[in-house]
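Data file: target_1.cif. Format and content: mmCIF, C-alpha atoms.
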```cif
data_protein
loop_
_atom_site.label_atom_id
_atom_site.label_comp_id
_atom_site.auth_asym_id
_atom_site.auth_seq_id
_atom_site.Cartn_x
_atom_site.Cartn_y
_atom_site.Cartn_z
CA MET V 581 -45.61 -22.43 -11.16
CA LYS V 582 -42.08 -23.21 -12.24
CA ASN V 583 -40.83 -26.80 -11.89
CA THR V 584 -44.35 -28.27 -11.68
CA SER V 585 -46.69 -29.96 -14.13
CA LEU V 586 -50.12 -31.59 -13.97
CA GLU V 587 -51.49 -34.51 -15.93
CA GLU V 588 -54.60 -36.66 -15.75
CA LEU V 589 -54.26 -40.07 -14.13
CA SER V 590 -55.86 -43.04 -15.83
CA LEU V 591 -57.25 -45.57 -13.35
CA PRO V 592 -58.43 -49.17 -13.91
CA TYR V 593 -61.69 -48.36 -12.12
CA GLU V 594 -64.26 -45.58 -12.22
CA LEU V 595 -64.53 -42.80 -9.67
CA LYS V 596 -67.97 -41.20 -9.46
CA SER V 597 -67.16 -38.02 -7.58
CA HIS V 598 -63.51 -37.30 -8.38
CA ASN V 599 -61.07 -36.76 -11.19
CA ALA V 600 -57.55 -38.08 -10.64
CA PHE V 601 -54.29 -36.31 -11.47
CA ILE V 602 -50.55 -36.56 -11.02
CA LEU V 603 -48.93 -33.36 -9.79
CA LYS V 604 -45.26 -33.55 -10.71
CA ILE V 605 -42.73 -31.43 -8.85
CA ASP V 606 -39.07 -30.98 -9.61
CA SER V 607 -38.17 -30.11 -6.04
CA GLN V 608 -35.41 -27.64 -5.32
CA ALA V 609 -35.68 -28.45 -1.60
CA LEU V 610 -34.86 -32.11 -2.28
CA LYS V 611 -32.15 -31.48 -4.83
CA ASN V 612 -28.80 -32.95 -3.73
CA ASN V 613 -30.40 -34.61 -0.71
CA PRO V 614 -28.03 -36.74 1.44
CA LEU V 615 -29.59 -40.07 0.40
CA LYS V 616 -29.46 -39.21 -3.30
CA ASP V 617 -33.18 -39.89 -3.57
CA PRO V 618 -35.07 -38.47 -6.58
CA SER V 619 -35.92 -34.79 -6.34
CA HIS V 620 -38.58 -35.22 -9.04
CA ARG V 621 -41.73 -36.37 -7.24
CA HIS V 622 -45.15 -37.55 -8.41
CA ASN V 623 -47.98 -36.66 -6.04
CA TYR V 624 -51.37 -38.25 -6.77
CA VAL V 625 -54.34 -35.91 -6.40
CA LEU V 626 -58.12 -36.30 -6.33
CA ALA V 627 -60.19 -33.27 -7.26
CA PRO V 628 -63.99 -33.16 -6.91
CA LYS V 629 -66.06 -33.28 -10.08
CA GLY V 630 -68.37 -30.37 -10.70
CA ASP V 631 -68.00 -26.66 -10.23
CA ILE V 632 -66.86 -26.15 -6.64
CA GLU V 633 -65.35 -22.76 -5.93
CA ASN V 634 -62.29 -22.76 -3.67
CA PRO V 635 -62.70 -26.32 -2.36
CA PRO V 636 -61.07 -27.32 0.91
CA VAL V 637 -57.85 -29.32 0.71
CA ILE V 638 -56.66 -32.40 2.58
CA PHE V 639 -53.05 -33.63 2.53
CA HIS V 640 -52.68 -37.37 3.17
CA LEU V 641 -49.39 -38.58 4.65
CA SER V 642 -48.43 -42.25 4.40
CA GLY V 643 -47.19 -44.51 7.16
CA TYR V 644 -43.62 -45.76 7.26
CA PHE V 645 -42.69 -48.02 4.32
CA SER V 646 -45.77 -46.81 2.41
CA THR V 647 -46.30 -44.41 -0.47
CA GLY V 648 -49.11 -42.06 -1.44
CA TYR V 649 -49.93 -43.86 -4.66
CA GLN V 650 -50.54 -47.17 -2.85
CA ASN V 651 -53.92 -45.74 -1.87
CA PHE V 652 -54.85 -45.95 -5.58
CA THR V 653 -53.81 -49.59 -6.15
CA ALA V 654 -56.74 -51.76 -7.29
CA LYS V 655 -57.70 -54.64 -4.98
CA THR V 656 -59.33 -57.95 -5.82
CA LEU V 657 -62.89 -58.28 -4.46
CA ASN V 658 -62.43 -55.22 -2.30
CA LEU V 659 -62.31 -51.43 -2.56
CA ASN V 660 -59.09 -49.52 -2.00
CA PHE V 661 -58.86 -46.38 0.12
CA VAL V 662 -59.50 -44.05 -2.82
CA GLN V 663 -62.61 -45.96 -3.92
CA LYS V 664 -63.97 -45.94 -0.36
CA LEU V 665 -63.29 -42.22 -0.12
CA ASP V 666 -65.03 -41.65 -3.45
CA GLN V 667 -68.01 -43.66 -2.20
CA GLN V 668 -68.13 -41.58 0.99
CA VAL V 669 -68.34 -38.36 -1.00
CA VAL V 670 -71.14 -39.76 -3.19
CA GLN V 671 -73.02 -40.61 0.02
CA LYS V 672 -72.17 -37.14 1.40
CA LYS V 673 -70.34 -38.73 4.32
CA ALA V 674 -67.00 -37.09 3.44
CA PRO V 675 -66.27 -33.53 2.33
CA ALA V 676 -65.96 -32.66 -1.34
CA ALA V 677 -62.33 -31.58 -1.28
CA VAL V 678 -59.03 -31.75 -3.10
CA HIS V 679 -57.09 -34.73 -1.70
CA VAL V 680 -53.30 -34.69 -2.06
CA PHE V 681 -51.46 -37.97 -1.47
CA VAL V 682 -47.98 -36.78 -0.62
CA GLU V 683 -44.98 -38.62 -2.05
CA ALA V 684 -42.13 -38.22 0.44
CA THR V 685 -40.50 -41.65 0.69
CA THR V 686 -36.76 -42.15 0.95
CA TYR V 687 -34.23 -44.93 0.37
CA TRP V 688 -34.80 -46.11 3.96
CA GLY V 689 -38.58 -46.01 3.58
CA GLY V 690 -39.62 -42.73 5.15
CA SER V 691 -38.75 -39.11 5.81
CA GLN V 692 -41.15 -38.46 8.74
CA PHE V 693 -42.05 -35.38 6.60
CA ILE V 694 -39.50 -33.19 8.38
CA ASN V 695 -36.27 -31.39 7.51
CA SER V 696 -33.27 -33.44 8.58
CA PRO V 697 -29.54 -33.54 7.78
CA GLY V 698 -29.79 -37.28 7.14
CA CYS V 699 -32.71 -37.34 4.69
CA GLY V 700 -33.23 -33.87 3.28
CA GLN V 701 -35.63 -30.93 3.48
CA TYR V 702 -38.98 -32.72 3.31
CA SER V 703 -40.92 -30.19 5.38
CA ASP V 704 -39.77 -27.42 3.03
CA TYR V 705 -40.68 -29.55 0.01
CA ILE V 706 -44.24 -30.00 1.28
CA LEU V 707 -44.90 -26.53 2.71
CA LYS V 708 -42.93 -24.33 0.30
CA GLU V 709 -43.29 -26.26 -2.97
CA LEU V 710 -46.09 -28.83 -2.96
CA TYR V 711 -48.68 -26.79 -1.08
CA PRO V 712 -48.24 -23.65 -3.26
CA ALA V 713 -48.42 -25.85 -6.37
CA VAL V 714 -51.73 -27.32 -5.18
CA VAL V 715 -53.09 -23.83 -4.52
CA GLU V 716 -52.11 -22.73 -8.02
CA GLN V 717 -53.34 -25.81 -9.87
CA PHE V 718 -56.62 -26.38 -8.00
CA ALA V 719 -57.53 -22.94 -6.57
CA VAL V 720 -58.22 -24.43 -3.14
CA SER V 721 -59.55 -22.45 -0.19
CA SER V 722 -57.11 -20.09 1.48
CA LYS V 723 -58.81 -20.46 4.87
CA ALA V 724 -56.66 -22.37 7.35
CA THR V 725 -59.83 -23.88 8.85
CA ARG V 726 -60.44 -25.54 5.46
CA THR V 727 -56.91 -26.88 5.07
CA CYS V 728 -56.19 -30.24 6.67
CA VAL V 729 -53.20 -32.58 6.99
CA MET V 730 -53.78 -36.15 8.12
CA GLY V 731 -52.14 -39.54 8.47
CA GLY V 732 -51.52 -42.61 10.60
CA SER V 733 -48.38 -43.84 12.35
CA SER V 734 -45.47 -41.99 10.63
CA GLY V 735 -48.13 -40.10 8.68
CA GLY V 736 -49.74 -39.07 11.96
CA TYR V 737 -46.34 -37.91 13.19
CA GLY V 738 -45.94 -35.89 9.99
CA ALA V 739 -49.36 -34.32 10.46
CA LEU V 740 -48.38 -33.09 13.93
CA ALA V 741 -45.00 -31.88 12.68
CA LEU V 742 -46.41 -29.98 9.70
CA VAL V 743 -49.40 -28.39 11.44
CA SER V 744 -47.13 -27.05 14.19
CA VAL V 745 -44.41 -25.48 12.02
CA LYS V 746 -44.35 -21.69 12.24
CA GLY V 747 -46.36 -20.24 9.37
CA SER V 748 -47.94 -23.59 8.46
CA PRO V 749 -50.96 -23.22 6.14
CA PHE V 750 -52.73 -26.14 7.84
CA GLY V 751 -55.40 -25.26 10.37
CA VAL V 752 -56.67 -28.80 10.97
CA ALA V 753 -54.72 -32.01 11.63
CA PHE V 754 -55.74 -35.61 12.21
CA ALA V 755 -53.16 -38.00 13.63
CA THR V 756 -54.03 -41.61 14.32
CA ALA V 757 -51.44 -43.58 16.31
CA PRO V 758 -48.75 -40.94 15.70
CA ASP V 759 -45.14 -41.87 16.41
CA SER V 760 -44.49 -40.39 19.85
CA TYR V 761 -43.13 -40.91 23.36
CA PHE V 762 -39.90 -42.36 22.00
CA GLU V 763 -38.98 -43.91 25.37
CA ALA V 764 -41.81 -46.43 24.95
CA SER V 765 -42.11 -46.70 21.17
CA LEU V 766 -38.65 -46.20 19.69
CA LEU V 767 -36.07 -47.06 22.34
CA PRO V 768 -37.30 -50.69 22.68
CA GLU V 769 -37.04 -51.05 18.91
CA LEU V 770 -33.41 -49.94 19.02
CA PHE V 771 -32.62 -52.50 21.74
CA LYS V 772 -34.34 -55.17 19.66
CA VAL V 773 -32.30 -54.46 16.51
CA ALA V 774 -28.96 -53.72 18.19
CA PRO V 775 -27.57 -57.28 17.69
CA GLU V 776 -28.30 -57.00 13.95
CA LEU V 777 -26.77 -53.52 13.66
CA LEU V 778 -23.70 -54.66 15.56
CA LYS V 779 -22.82 -56.95 12.66
CA TYR V 780 -22.10 -53.98 10.42
CA LYS V 781 -19.37 -51.36 10.48
CA SER V 782 -20.78 -49.29 7.62
CA LEU V 783 -23.93 -48.83 5.55
CA ALA V 784 -22.31 -50.17 2.37
CA PRO V 785 -22.72 -53.91 3.12
CA ILE V 786 -26.32 -53.35 4.25
CA LYS V 787 -27.16 -51.59 0.99
CA LYS V 788 -25.34 -54.28 -0.97
CA LYS V 789 -27.41 -57.02 0.67
CA ILE V 790 -30.63 -55.06 0.11
CA ALA V 791 -29.75 -54.66 -3.58
CA ALA V 792 -29.24 -58.44 -3.77
CA GLY V 793 -32.54 -59.07 -1.98
CA GLU V 794 -30.83 -60.89 0.89
CA LEU V 795 -32.36 -58.97 3.81
CA GLN V 796 -35.92 -58.23 2.77
CA GLU V 797 -37.29 -61.68 3.62
CA LYS V 798 -35.76 -61.76 7.10
CA LYS V 799 -38.04 -61.16 10.08
CA SER V 800 -35.57 -58.56 11.34
CA PHE V 801 -35.60 -56.50 8.13
CA PHE V 802 -38.41 -54.10 9.07
CA ASN V 803 -36.82 -53.40 12.46
CA LEU V 804 -33.42 -52.87 10.84
CA ALA V 805 -34.74 -50.52 8.15
CA ASN V 806 -36.90 -48.66 10.65
CA ALA V 807 -33.95 -48.07 13.00
CA LEU V 808 -31.83 -46.78 10.13
CA ALA V 809 -34.65 -44.60 8.82
CA MET V 810 -35.34 -43.00 12.20
CA ALA V 811 -31.61 -42.44 12.75
CA HIS V 812 -31.44 -40.58 9.45
CA CYS V 813 -34.53 -38.53 10.36
CA TYR V 814 -33.71 -37.61 13.95
CA SER V 815 -29.92 -37.55 14.26
CA PRO V 816 -27.99 -34.26 14.18
CA LYS V 817 -25.33 -33.72 11.54
CA GLU V 818 -22.47 -34.65 13.88
CA ALA V 819 -23.88 -38.17 14.34
CA PHE V 820 -23.13 -39.03 10.71
CA ARG V 821 -19.75 -40.45 9.92
CA LYS V 822 -18.32 -40.98 6.47
CA ASP V 823 -19.23 -44.66 6.35
CA PHE V 824 -21.83 -45.16 9.11
CA LEU V 825 -23.81 -43.28 11.75
CA GLU V 826 -24.03 -43.15 15.51
CA PHE V 827 -27.06 -44.46 17.39
CA PRO V 828 -28.34 -43.10 20.73
CA ILE V 829 -27.57 -46.41 22.45
CA ASP V 830 -24.35 -48.34 22.70
CA LEU V 831 -25.07 -51.30 20.44
CA HIS V 832 -23.07 -53.65 22.68
CA THR V 833 -24.05 -52.66 26.23
CA GLY V 834 -27.38 -51.01 25.47
CA ARG V 835 -26.47 -47.93 27.49
CA VAL V 836 -28.28 -44.80 26.38
CA LYS V 837 -26.04 -42.00 25.08
CA SER V 838 -27.77 -39.12 26.82
CA LYS V 839 -26.58 -36.27 24.59
CA LEU V 840 -27.58 -37.95 21.33
CA TRP V 841 -30.80 -39.31 22.81
CA LYS V 842 -31.80 -35.80 23.91
CA SER V 843 -31.34 -34.61 20.33
CA TRP V 844 -33.71 -37.36 19.19
CA LEU V 845 -36.25 -36.40 21.86
CA LYS V 846 -36.46 -32.89 20.42
CA HIS V 847 -38.26 -34.54 17.49
CA ASP V 848 -40.76 -36.32 19.74
CA PRO V 849 -44.26 -34.73 19.49
CA VAL V 850 -44.57 -34.97 23.25
CA HIS V 851 -41.72 -32.45 23.38
CA PHE V 852 -41.90 -30.39 20.18
CA LEU V 853 -45.62 -29.64 20.55
CA LYS V 854 -44.84 -27.97 23.89
CA ALA V 855 -42.18 -25.85 22.20
CA ARG V 856 -44.53 -24.93 19.34
CA LYS V 857 -47.71 -24.24 21.32
CA LYS V 858 -47.86 -20.64 20.04
CA ASN V 859 -47.96 -21.96 16.48
CA LEU V 860 -50.99 -24.11 17.36
CA GLN V 861 -53.25 -21.38 18.66
CA GLY V 862 -56.46 -21.13 16.63
CA LYS V 863 -55.95 -24.58 15.11
CA GLN V 864 -57.84 -27.81 15.65
CA LEU V 865 -56.16 -31.18 16.22
CA PHE V 866 -57.71 -34.64 16.31
CA ILE V 867 -55.71 -37.37 18.07
CA ASP V 868 -56.73 -41.01 17.76
CA VAL V 869 -55.08 -44.27 18.88
CA GLY V 870 -55.78 -47.92 19.61
CA LYS V 871 -55.78 -49.00 23.26
CA TYR V 872 -53.55 -51.96 22.39
CA ASP V 873 -51.12 -50.34 19.97
CA ASN V 874 -48.29 -52.73 19.00
CA PHE V 875 -45.68 -49.99 19.47
CA CYS V 876 -47.11 -48.59 22.72
CA LEU V 877 -48.19 -45.40 20.96
CA GLN V 878 -51.25 -45.08 23.19
CA PHE V 879 -48.95 -43.73 25.89
CA GLY V 880 -47.59 -41.02 23.61
CA ALA V 881 -51.05 -40.12 22.34
CA ARG V 882 -52.32 -39.68 25.89
CA GLN V 883 -49.40 -37.39 26.70
CA ILE V 884 -49.98 -35.38 23.52
CA ALA V 885 -53.59 -34.85 24.59
CA GLU V 886 -52.33 -33.57 27.95
CA VAL V 887 -49.92 -31.18 26.21
CA LEU V 888 -52.68 -29.80 23.99
CA LYS V 889 -55.05 -29.40 26.93
CA GLU V 890 -52.43 -27.54 28.95
CA ALA V 891 -51.63 -25.30 25.96
CA LYS V 892 -55.38 -24.65 25.47
CA VAL V 893 -55.27 -25.89 21.88
CA LYS V 894 -58.63 -26.97 20.49
CA HIS V 895 -58.48 -30.73 20.11
CA SER V 896 -60.33 -34.02 20.22
CA TYR V 897 -58.92 -37.24 21.66
CA THR V 898 -60.28 -40.75 21.10
CA GLU V 899 -59.14 -44.30 21.79
CA PHE V 900 -60.54 -47.32 20.01
CA PRO V 901 -60.41 -51.01 21.07
CA GLY V 902 -57.78 -52.02 18.51
CA ASN V 903 -54.08 -52.03 17.74
CA HIS V 904 -51.72 -50.37 15.24
CA PHE V 905 -53.05 -52.05 12.13
CA GLY V 906 -56.02 -51.18 9.93
CA LEU V 907 -55.55 -47.44 10.46
CA SER V 908 -57.03 -46.60 7.03
CA GLU V 909 -60.49 -47.18 8.48
CA ARG V 910 -59.73 -44.62 11.19
CA ARG V 911 -58.86 -42.10 8.48
CA LEU V 912 -62.17 -42.74 6.71
CA GLY V 913 -64.02 -42.30 10.00
CA PHE V 914 -62.31 -38.98 10.56
CA LEU V 915 -63.41 -37.73 7.14
CA GLU V 916 -67.01 -38.20 8.23
CA LYS V 917 -66.34 -36.02 11.28
CA LEU V 918 -64.60 -33.46 9.09
CA ALA V 919 -67.55 -33.32 6.69
CA THR V 920 -69.86 -32.47 9.58
CA SER V 921 -67.41 -29.90 10.96
CA TRP V 922 -66.87 -28.15 7.64
CA LYS V 923 -70.60 -28.04 6.88
CA SER V 924 -71.19 -26.13 10.10
CA HIS V 925 -68.23 -23.78 9.52
CA VAL V 926 -68.50 -22.82 5.85
#
```

Here is a file; write its structure as structure tokens.
Amino acid sequence: MKNTSLEELSLPYELKSHNAFILKIDSQALKNNPLKDPSHRHNYVLAPKGDIENPPVIFHLSGYFSTGYQNFTAKTLNLNFVQKLDQQVVQKKAPAAVHVFVEATTYWGGSQFINSPGCGQYSDYILKELYPAVVEQFAVSSKATRTCVMGGSSGGYGALALVSVKGSPFGVAFATAPDSYFEASLLPELFKVAPELLKYKSLAPIKKKIAAGELQEKKSFFNLANALAMAHCYSPKEAFRKDFLEFPIDLHTGRVKSKLWKSWLKHDPVHFLKARKKNLQGKQLFIDVGKYDNFCLQFGARQIAEVLKEAKVKHSYTEFPGNHFGLSERRLGFLEKLATSWKSHV
């Protein structure tokens, strides 16, 4: 496939059941993106050792401020996600599959894996470029029931967004603590960071301070970056000014700007899954969330389950007695479920 290349990845540890690769894509979808982020992307891939014809494929989407290749980083006195996954496959607790760790980060830390005028065409990059490249390079199964997209937090949001796009190749999705029900999860964050945002009249001084390392150590930095990232992902084109962007609340009074806020809500899974219910027929979704999620995402997850039930979409819903952190273990637990499911539906 044009604009793609594959090379072996050398790791500082041994994998018993997988070979590791870097799938490089010179993305046309991301070329000239608004944030001037690189269009050349490196996606890390695990492929099962041995002769497996048309293996299933699983796309892993990272949470906000994370990258796909962080799953491969060696840890002291502990196993990383990739090593745990490899161990699961050896023990036959996870499916032997091609695992694609999607690289879709942006200057502000995340793309939410969607097309947006503020970040670029990330959904197109994944569905129209990365997925076909994986099919060509690894000859994965063409059955939608053997094609999964999964992630936690922003990655869970991306899984719901990508599985529900018209013509999506994914037939299975796992979303743990997916960003959702923006009234409870996102609006409070905007109120919290409004005093910080009010200090600036343009993005230039913010970027200048980030380049100098002046903001990263502040407690407010994550909230500031997250607000800016979500604004770039969810705002319509008219919300972007030459030097700054408009937020769906008045930064001084806190009043909600109904028109702009409604445009953000169109990107909320609680709303867009209703609009895309036809695209979800015949698919299987797994929703998972902690009862004490730090960003109140349990409320959104419960509403998503209601939407899927009403739309008669095959799904599973679980809550665990935890919060928003440590979601990697939830992903590993899901792979055990998926192994059982795929064994019974070969």

Point to revise | Selection dump of the PyMOL selection byres ((chain V and resi 808-819) around 8), as a ChimeraX atom specification | key: /V:688-692,694-699,804-807,820-821,825-827,840,843-844,847

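Between V:Tyr593 and the candidates V:Ser646, V:Asp666, V:Arg910, V:Val625, the tightest atom-to-atom separation, counting all atoms listed in the file, involves V:Asp666.
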
### Task
Kindly resolve the PyMOL selection byres ((chain V and resi 745) around 9) on the present coordinates and return the residues as a list in words.
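Applied to this file, the PyMOL selection byres ((chain V and resi 745) around 9) selects Ser703, Leu740, Ala741, Leu742, Val743, Ser744, Lys746, Gly747, Ser748, Arg856, Asn859 and Leu860 of chain V.
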
**Result set of the PyMOL selection byres ((chain V and resi 723-736) around 7) on the coordinates above, as a PyMOL selection string** = chain V and resi 636-644+692+721-722+737-740+749-759+907

Between V:Lys923, V:Arg835, V:Lys788, V:Lys604, smallest distance to V:Val714 by all atoms listed in the file belongs to V:Lys604

Record the distance separating atom CA of V:Ala719 and atom CA of V:Asn634, expressed in Å with one decimal.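 Between these atoms lies a distance of 5.6 Å.
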
| query | Using only C-alpha atoms, which residue out of V:Tyr687, V:Asn623, V:Phe771, V:Phe681 lies closest to V:Ala791? | reply |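 Closest residue, counting only C-alpha atoms: V:Tyr687.
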
Handout entry: Pick from V:Val836, V:Glu890, V:Leu770, V:Glu916 nearest to V:Gln667, counting only C-alpha atoms
Key =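 Closest to V:Gln667, using only C-alpha atoms: V:Glu916.
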
In terms of all atoms listed in the file, the residue from V:Phe762, V:Lys772, V:Asp823, V:Leu586 at minimal distance from V:Asp848 is V:Phe762

Students should find that atom CA of V:Lys894 and atom CA of V:Leu665 are spaced 26.1 Å

Just the number, please: distance in Å from atom CA of V:Ser597 to atom CA of V:Val669, one decimal.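 According to the coordinates, atom CA of V:Ser597 and atom CA of V:Val669 are separated by 6.7 Å.
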
The residue from V:Met581, V:Leu783, V:Cys876, V:Gln701 with the smallest atom-to-atom distance to V:Val715, counting all atoms listed in the file, is V:Met581

Check: Quick one: residues within 9 Å of V:Leu915, only C-alpha atoms counted, chain neighbours fewer than 2 positions away excluded, as a PyMOL selection string?
Finding: chain V and resi 665+668+673-675+910-913+917-920

Need the axis-aligned box for stretch 751-765 of chain V with 5 Å each side, so what are the centre and edges in Å to one decimal, as JSON?
```
{"center_x": -47.8, "center_y": -36.0, "center_z": 17.9, "size_x": 27.7, "size_y": 31.4, "size_z": 25.0}
```

Within 6 Å of V:Asp868, counting all atoms listed in the file, which residues qualify if same-chain residues fewer than 6 places away don't, as a PyMOL selection string?
chain V and resi 756+897-899
